[in-house]
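Undergrad: Here it is: the structure, laid out below.
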Amino acid sequence: AVAVAATSVVVLDRGNNTTCTINLHGATVVSWRVNNQEQLFVSKLASFDGKKAIRGGIPFVFPQFGPWSFGPQHGFARITRWHLDRAPERLHNGDVEAIFSLMDNEFTRSIWNYQFRITYRLILREKELHFHIGVYNPSKDLSFTFNMLLHTYLKVPDVRRCQITGLQGCHFIDKTREGALYQEGREVVTVNEWTDRIYQHTPQEHVITNVVSGRKMRLHKYNFPDTVIWNPWIDRSREMSDFGDDEFPNMLCVEAGNVSSPVILLPGSCFEASQILQQFKCPYELAV
Ligand code: TA6
């Protein structure tokens with residue numbers, strides 16, 4: 001137990017070069033390797049000093065998405081130390097599972113005075129990473145509302161070659177155009193400029209093409225009705241001290257969350273949401 005208390009990093013190792021690494025700071029997944037290929041982007045300038053969110057991987061956004069008059073942008077979960085409830089263990093089917101939790105503490109209550117408990121279960125499968133989240137309200141009489149989002153930074157060879165499906169017809173808030181509301185007309189969305197959009201009530205599945213080693217990434221989500229697409233491009237890259245000026249071509253944020261309408265959690269109730277990331281080759285792709 002002492003060893004665990006000392007460490008900040010938990011590794012799930014499924015064997016044959018399939019691993020997942022979580023930093024207890026923000027329960028941030030900082031690495032997911034499939035056949036020893038890294039699937040996630042982490043900036044070379046990311047800070048791991050526990051003072052700010054890790055720039056990359058999959059930060060856990062809760063209870064607020066975006067600017068917050070009560071506290072830090074994107075809430076406190078991604079800058080708070082989580083607890084390892086269950087160390088990595090192999091399941092009967094060969095998957096590896098670990099369970100993390102975060103509950104209210106002096107720091108969170110100083111910002112947002114509600115009791116809560118989040119359980120975060122990660123399961124590493126052969127070419128998949130599963131995220132199961134439960135948010136529980138232990139209060140006898142107080143409800144609270146929250147946003148929640150997995151801020152996934154995908155690693156890509158060149159973002160200009162990526163296509164994102166599953167957004168056509170959805171309305172989106174465009175933060176590059178003063179938050180105006182538009183409707184997506186394209187069957188596949190591409191990113192060729194600063195992009196910062198909150199797509200609302202999106203389908204449960206997106207496919208992102210041309211991720212690492214030219215493969216595709218399927219993002220399946222449950223109870224996460226919205227999808228944020230973000231790439232800072234060159235000018236906003238320069239505004240971030242923990243993001244290299246030349247890094248924007250190699251990342252694409254596709255973020256499943258509850259953003260456009262906060263979740264209302266009644267006393268004694270629980271909210272569950274999950275995401276599955278699955279890396280796959282095009283079925284008709286020639287075996288190279
Ligand atoms: O998810 C997109 C976004 O809301 C962008 O507006 C940008 O601010 C990004 O999050 C990163 O935010 P951060 O607080 O991590 O710098």
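If you're wondering about the labels, chains in the structure tokens are A, B, ... by order shown, residues count from 1 in each chain, ligands from 1 in order shown.
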May I ask you to write as a ChimeraX atom specification all residues lying at most 10 Å from ligand 1, with only C-alpha atoms and all ligand atoms counted?
TA: /A:52-56,59,61,65-67,72-75,78,149-153,174-176,195-198,227-232,236-237,239-243,253-257
Undergrad: Hey, what's within 8 Å of Arg161 of chain A if we count only C-alpha atoms and toss same-chain stuff fewer than 5 positions away? As a list of chain:residue names, please?
TA: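 Here the answer would be A:Thr190, A:Thr209, A:Asn210.
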Undergrad: Give me the residues near Gln275 of chain A as a list of chain:residue names, where near means some atom within 7 Å (using only C-alpha atoms) and where sequence neighbours in that chain fewer than 3 positions away do not count.
TA: A:His130, A:Phe131, A:His132, A:Leu219, A:His220, A:Lys221, A:Tyr222
Undergrad: Identify which of the residues A:Pro225, A:Gly26, A:Gly179, A:Gly244 lies closest to Ala46 of chain A, counting only C-alpha atoms when measuring atom-to-atom distances.
TA: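 Closest to Ala46 of chain A of all the choices is A:Gly244.
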Undergrad: Write down as a PyMOL selection string the residues of segment 4-200 of chain A whose backbone DSSP state falls under strand (DSSP E).
TA: chain A and resi 9-15+18-23+28-34+37-38+60-61+83-90+96-103+117-124+128-136+144-150+153-155+164-165+171-174+180-183+188-189+195-199
Undergrad: What gap, in Å, lies between atom CA of Leu122 of chain A and atom CA of Ile79 of chain A?
TA: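 Taking atom CA of Leu122 of chain A as the start and atom CA of Ile79 of chain A as the end point, the length is 18.9 Å.
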Undergrad: Of the residues A:Asn258, A:Ile276, A:Met251, A:Asn192, which is the one nearest to Val207 of chain A, using only C-alpha atoms?
TA: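 The answer is A:Ile276, which sits nearest to Val207 of chain A.
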Undergrad: So, counting only C-alpha atoms, which residue among A:Arg160, A:Arg125, A:Arg90, A:Arg81 is closest to Asn35 of chain A?
TA: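 Of all the options, A:Arg125 lies closest to Asn35 of chain A.
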Undergrad: Mind checking which residues fall within 7 Å of segment 101-116 of chain A, counting only C-alpha atoms, ignoring those fewer than 6 positions away in the same chain, and posting them as a list of chain:residue names?
TA: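 In the requested format, the answer is A:Phe70, A:Gly71, A:Phe76, A:Trp82, A:His83, A:Leu84, A:Asp85, A:Tyr136, A:Asn137, A:Pro138, A:Ser139.
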Undergrad: Mind listing the helix (DSSP H, G or I) residues of segment 46-283 of chain A, per DSSP on the backbone, as a list in words?
TA: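 For segment 46-283 of chain A, the helix (DSSP H, G or I) set is Ala77, Arg78, Ile79, Glu106, Phe107, Thr108, Arg109, Ser110, Ile111, Val159, Arg160, Arg161, Val212, Ser213, Gly214, Trp233, Ile234, Asp235, Arg236, Ser237, Arg238, Phe248, Pro249 and Asn250 of chain A.
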Undergrad: Taking only C-alpha atoms into account, name the residue in A:Ile99, A:Ala180, A:Val259, A:Leu154 that is nearest to Ala87 of chain A.
TA: A:Ile99
Undergrad: Which residues are close to Phe271 of chain A, i.e. within 9 Å by only C-alpha atoms, leaving aside same-chain residues fewer than 5 positions away? Reply as JSON, numbers by chain.
TA: {"A": [133, 134, 135, 136, 137, 223, 263, 264, 265]}
Undergrad: Any chance you could export the current selection's N, CA, C and O atoms as a PDB file, in the first residue's frame?
TA:
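In the end it all went to selection_31.pdb:
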ATOM      1  N   ILE A 133     -17.575   5.177 -16.180  1.00  0.00           N
ATOM      2  CA  ILE A 133     -17.585   6.216 -15.141  1.00  0.00           C
ATOM      3  C   ILE A 133     -18.917   6.184 -14.394  1.00  0.00           C
ATOM      4  O   ILE A 133     -19.986   6.085 -15.017  1.00  0.00           O
ATOM      5  N   GLY A 134     -18.828   6.282 -13.068  1.00  0.00           N
ATOM      6  CA  GLY A 134     -20.043   6.432 -12.249  1.00  0.00           C
ATOM      7  C   GLY A 134     -19.869   7.667 -11.379  1.00  0.00           C
ATOM      8  O   GLY A 134     -18.832   7.841 -10.750  1.00  0.00           O
ATOM      9  N   VAL A 135     -20.866   8.550 -11.405  1.00  0.00           N
ATOM     10  CA  VAL A 135     -20.843   9.716 -10.506  1.00  0.00           C
ATOM     11  C   VAL A 135     -21.993   9.531  -9.525  1.00  0.00           C
ATOM     12  O   VAL A 135     -23.147   9.335  -9.938  1.00  0.00           O
ATOM     13  N   TYR A 136     -21.677   9.572  -8.217  1.00  0.00           N
ATOM     14  CA  TYR A 136     -22.677   9.291  -7.182  1.00  0.00           C
ATOM     15  C   TYR A 136     -22.860  10.521  -6.296  1.00  0.00           C
ATOM     16  O   TYR A 136     -21.866  11.190  -5.953  1.00  0.00           O
ATOM     17  N   ASN A 137     -24.119  10.810  -5.969  1.00  0.00           N
ATOM     18  CA  ASN A 137     -24.437  11.926  -5.070  1.00  0.00           C
ATOM     19  C   ASN A 137     -24.855  11.360  -3.718  1.00  0.00           C
ATOM     20  O   ASN A 137     -25.990  10.903  -3.565  1.00  0.00           O
ATOM     21  N   ASN A 223     -24.199   7.760 -23.010  1.00  0.00           N
ATOM     22  CA  ASN A 223     -24.539   8.805 -22.038  1.00  0.00           C
ATOM     23  C   ASN A 223     -23.583   9.988 -22.087  1.00  0.00           C
ATOM     24  O   ASN A 223     -23.480  10.739 -21.107  1.00  0.00           O
ATOM     25  N   VAL A 263     -25.643  17.609 -16.388  1.00  0.00           N
ATOM     26  CA  VAL A 263     -26.362  16.500 -15.748  1.00  0.00           C
ATOM     27  C   VAL A 263     -26.868  17.002 -14.389  1.00  0.00           C
ATOM     28  O   VAL A 263     -26.144  17.688 -13.667  1.00  0.00           O
ATOM     29  N   ILE A 264     -28.109  16.668 -14.054  1.00  0.00           N
ATOM     30  CA  ILE A 264     -28.642  17.001 -12.723  1.00  0.00           C
ATOM     31  C   ILE A 264     -28.676  15.706 -11.916  1.00  0.00           C
ATOM     32  O   ILE A 264     -29.301  14.723 -12.350  1.00  0.00           O
ATOM     33  N   LEU A 265     -27.946  15.691 -10.798  1.00  0.00           N
ATOM     34  CA  LEU A 265     -27.860  14.460 -10.018  1.00  0.00           C
ATOM     35  C   LEU A 265     -28.620  14.650  -8.697  1.00  0.00           C
ATOM     36  O   LEU A 265     -28.226  15.452  -7.851  1.00  0.00           O
TER      37      LEU A 265
END
Undergrad: Hey, which of A:Ile123, A:Cys170, A:Leu129, A:Cys282 ends up closest to Ser213 of chain A? Count only C-alpha atoms.
TA: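 The closest residue to Ser213 of chain A is A:Cys282.
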Undergrad: Just the number, please: distance in Å from atom CA of Glu205 of chain A to atom CA of Glu272 of chain A, one decimal.
TA: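 For atom CA of Glu205 of chain A relative to atom CA of Glu272 of chain A, the distance reads 17.5 Å.
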Undergrad: Could you list, as a CSV table (one decimal) with C-alpha atoms, in the first residue's frame, every residue within 9 Å of segment 12-14 of chain A, counting only C-alpha atoms and ignoring same-chain residues fewer than 3 positions away?
TA:
chain,number,residue,atom,x,y,z
A,17,ASN,CA,3.2,-4.7,-26.2
A,18,THR,CA,-0.2,-3.5,-25.2
A,19,THR,CA,-0.1,-1.1,-22.3
A,20,CYS,CA,-2.0,1.8,-20.8
A,21,THR,CA,-0.4,4.3,-18.3
A,22,ILE,CA,-2.5,6.5,-16.0
A,87,ALA,CA,-4.7,-2.0,-8.7
A,88,PRO,CA,-4.4,-3.5,-12.3
A,89,GLU,CA,-5.6,-7.0,-12.4
A,90,ARG,CA,-6.1,-9.5,-15.3
A,94,GLY,CA,-7.3,-11.6,-20.6
A,95,ASP,CA,-8.3,-7.9,-20.3
A,96,VAL,CA,-6.6,-5.8,-17.6
A,97,GLU,CA,-8.7,-3.6,-15.4
A,98,ALA,CA,-7.9,-0.9,-12.8
A,123,ILE,CA,-10.3,-1.8,-19.1
A,124,LEU,CA,-7.4,-2.6,-21.5
A,125,ARG,CA,-8.4,-5.0,-24.3
A,126,GLU,CA,-6.3,-6.1,-27.2
